[in-house]
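K.L.:
Take a look at work-v7.cif, mmCIF, C-alpha atoms:
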```
data_target
#
loop_
_atom_site.group_PDB
_atom_site.id
_atom_site.type_symbol
_atom_site.label_atom_id
_atom_site.label_comp_id
_atom_site.auth_asym_id
_atom_site.auth_seq_id
_atom_site.Cartn_x
_atom_site.Cartn_y
_atom_site.Cartn_z
ATOM 1 C CA MET A 16 -78.947 74.351 -178.480
ATOM 2 C CA GLN A 17 -78.814 71.099 -176.513
ATOM 3 C CA TYR A 18 -78.962 67.356 -177.196
ATOM 4 C CA VAL A 19 -80.125 65.151 -174.311
ATOM 5 C CA SER A 20 -79.638 61.376 -173.904
ATOM 6 C CA SER A 21 -79.435 58.901 -171.025
ATOM 7 C CA TYR A 22 -75.943 57.487 -171.770
ATOM 8 C CA THR A 23 -72.537 58.880 -172.709
ATOM 9 C CA ARG A 24 -72.026 59.828 -176.354
ATOM 10 C CA TYR A 25 -69.503 62.011 -178.161
ATOM 11 C CA ARG A 26 -71.461 65.118 -179.109
ATOM 12 C CA GLY A 27 -71.051 68.795 -179.709
ATOM 13 C CA VAL A 28 -72.357 72.092 -180.961
ATOM 14 C CA ARG A 29 -70.553 75.019 -182.610
ATOM 15 C CA LEU A 30 -71.660 78.537 -183.548
ATOM 16 C CA GLU A 31 -69.653 80.258 -186.286
ATOM 17 C CA ASP A 32 -69.886 83.841 -187.529
ATOM 18 C CA ASN A 33 -67.902 86.328 -189.579
ATOM 19 C CA TYR A 34 -67.152 88.792 -186.759
ATOM 20 C CA THR A 35 -66.134 86.905 -183.613
ATOM 21 C CA ALA A 36 -64.310 83.693 -182.735
ATOM 22 C CA ASP A 37 -66.272 80.453 -183.062
ATOM 23 C CA THR A 38 -67.781 79.168 -179.843
ATOM 24 C CA GLU A 39 -68.183 75.418 -179.333
ATOM 25 C CA ASP A 40 -68.620 72.603 -176.849
ATOM 26 C CA PHE A 41 -67.539 69.065 -177.917
ATOM 27 C CA GLY A 42 -66.850 66.043 -175.744
ATOM 28 C CA ALA A 43 -68.165 62.813 -174.221
ATOM 29 C CA TYR A 44 -71.341 63.750 -172.344
ATOM 30 C CA SER A 45 -74.161 61.762 -170.773
ATOM 31 C CA GLN A 46 -76.617 64.675 -170.660
ATOM 32 C CA TYR A 47 -75.968 67.408 -173.249
ATOM 33 C CA ALA A 48 -73.445 69.473 -175.193
ATOM 34 C CA GLY A 49 -73.773 73.196 -174.789
ATOM 35 C CA PRO A 50 -75.293 75.579 -174.386
ATOM 36 C CA VAL A 51 -73.162 77.875 -176.520
ATOM 37 C CA TYR A 52 -73.882 81.549 -177.155
ATOM 38 C CA GLN A 53 -73.278 84.003 -179.982
ATOM 39 C CA ASN A 54 -73.167 87.788 -179.750
ATOM 40 C CA LYS A 55 -76.422 89.529 -180.641
ATOM 41 C CA GLY A 56 -76.842 90.741 -184.212
ATOM 42 C CA TYR A 57 -74.407 88.521 -186.134
ATOM 43 C CA ARG A 58 -75.093 86.016 -188.905
ATOM 44 C CA GLY A 59 -73.404 82.668 -189.183
ATOM 45 C CA ARG A 60 -73.828 78.896 -188.995
ATOM 46 C CA ALA A 61 -74.821 76.431 -186.285
ATOM 47 C CA TYR A 62 -73.244 72.958 -186.389
ATOM 48 C CA SER A 63 -74.366 69.943 -184.333
ATOM 49 C CA TYR A 64 -72.814 66.468 -184.111
ATOM 50 C CA MET A 65 -73.458 63.272 -182.134
ATOM 51 C CA GLU A 66 -72.144 59.691 -182.234
ATOM 52 C CA GLU A 67 -73.481 56.523 -180.633
ATOM 53 C CA PRO A 68 -71.009 54.661 -178.365
ATOM 54 C CA SER A 69 -70.337 52.310 -181.319
ATOM 55 C CA GLY A 70 -69.047 55.273 -183.358
ATOM 56 C CA ASN A 71 -72.086 55.413 -185.657
ATOM 57 C CA VAL A 72 -72.865 59.085 -186.446
ATOM 58 C CA VAL A 73 -76.521 59.900 -185.652
ATOM 59 C CA VAL A 74 -76.410 63.712 -185.995
ATOM 60 C CA ASP A 75 -74.197 65.693 -188.404
ATOM 61 C CA ASN A 76 -75.987 68.920 -189.221
ATOM 62 C CA LEU A 77 -74.996 72.399 -190.441
ATOM 63 C CA LEU A 78 -77.612 75.154 -190.333
ATOM 64 C CA ALA A 79 -77.257 78.690 -191.690
ATOM 65 C CA VAL A 80 -78.695 81.244 -189.265
ATOM 66 C CA GLY A 81 -79.754 84.803 -189.916
ATOM 67 C CA THR A 82 -79.425 87.996 -187.909
ATOM 68 C CA CYS A 83 -80.273 87.545 -184.224
ATOM 69 C CA ASP A 84 -82.113 90.138 -182.134
#
```
Can the structure from this file be put into structure tokens for me?
P.N.:
Amino acid sequence: MQYVSSYTRYRGVRLEDNYTADTEDFGAYSQYAGPVYQNKGYRGRAYSYMEEPSGNVVVDNLLAVGTCD
């Protein structure tokens, strides 16, 4: 999961599941946040977030994901 832009923004992605520690990548990036990976076969949630330089939130999304093969 990646978010691409031409200037620096605070952005991030997080994968959460019930079996392993969350994996995430948040920070001020000019190209993308991530990628992040989750172990095969687990269910969980994917969270994405991005702010404009002014602080206005443009992405704040939580997605439930099913079993991965």
K.L.:
Could you check which of A:Tyr52, A:Gly27, A:Gly59, A:Tyr22 is closest to Val74 of chain A, using all atoms listed in the file?
P.N.:
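Of A:Tyr52, A:Gly27, A:Gly59, A:Tyr22, the one nearest Val74 of chain A, counting all atoms listed in the file, is A:Gly27.
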K.L.:
Enter the distance from atom CA of Asp37 of chain A to atom CA of Ser63 of chain A, in Å, rounded to one decimal.
P.N.:
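Computing the Euclidean distance for atom CA of Asp37 of chain A and atom CA of Ser63 of chain A yields 13.3 Å.
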K.L.:
Enumerate, as a list in words, the residues matched when the PyMOL selection byres ((chain A and resi 36) around 12) is run on the file above.
P.N.:
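Applying the PyMOL selection byres ((chain A and resi 36) around 12) to the structure shown produces Arg29, Leu30, Glu31, Asp32, Asn33, Tyr34, Thr35, Asp37, Thr38, Glu39, Tyr52, Gln53, Asn54, Tyr57 and Gly59 of chain A.
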K.L.:
Rounded to one decimal, what separation in Å do you get between atom CA of Val28 of chain A and atom CA of Ala79 of chain A?
P.N.:
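Separating atom CA of Val28 of chain A from atom CA of Ala79 of chain A is a distance of 13.5 Å.
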K.L.:
Calculated over all atoms listed in the file, which of the candidates A:Arg26, A:Asp40, A:Val51, A:Gln46 has the smallest distance to Pro68 of chain A?
P.N.:
A:Arg26
K.L.:
Hey, which of A:Arg24, A:Gly49, A:Leu78, A:Tyr44 ends up closest to Ala61 of chain A? Count all atoms listed in the file.
P.N.:
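Nearest candidate to Ala61 of chain A out of A:Arg24, A:Gly49, A:Leu78, A:Tyr44: A:Leu78.
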K.L.:
Can you work out the spacing between atom CA of Tyr64 of chain A and atom CA of Tyr25 of chain A in Å, to one decimal?
P.N.:
8.1 Å
K.L.:
Let me have the centre and edge lengths in Å, one decimal, of the box along x, y and z around every listed atom of segment 50-67 of chain A with 5 Å of margin on each side, as AutoDock Vina command-line options.
P.N.:
```
--center_x -74.5 --center_y 73.6 --center_z -181.8 --size_x 14.7 --size_y 44.2 --size_z 24.8
```
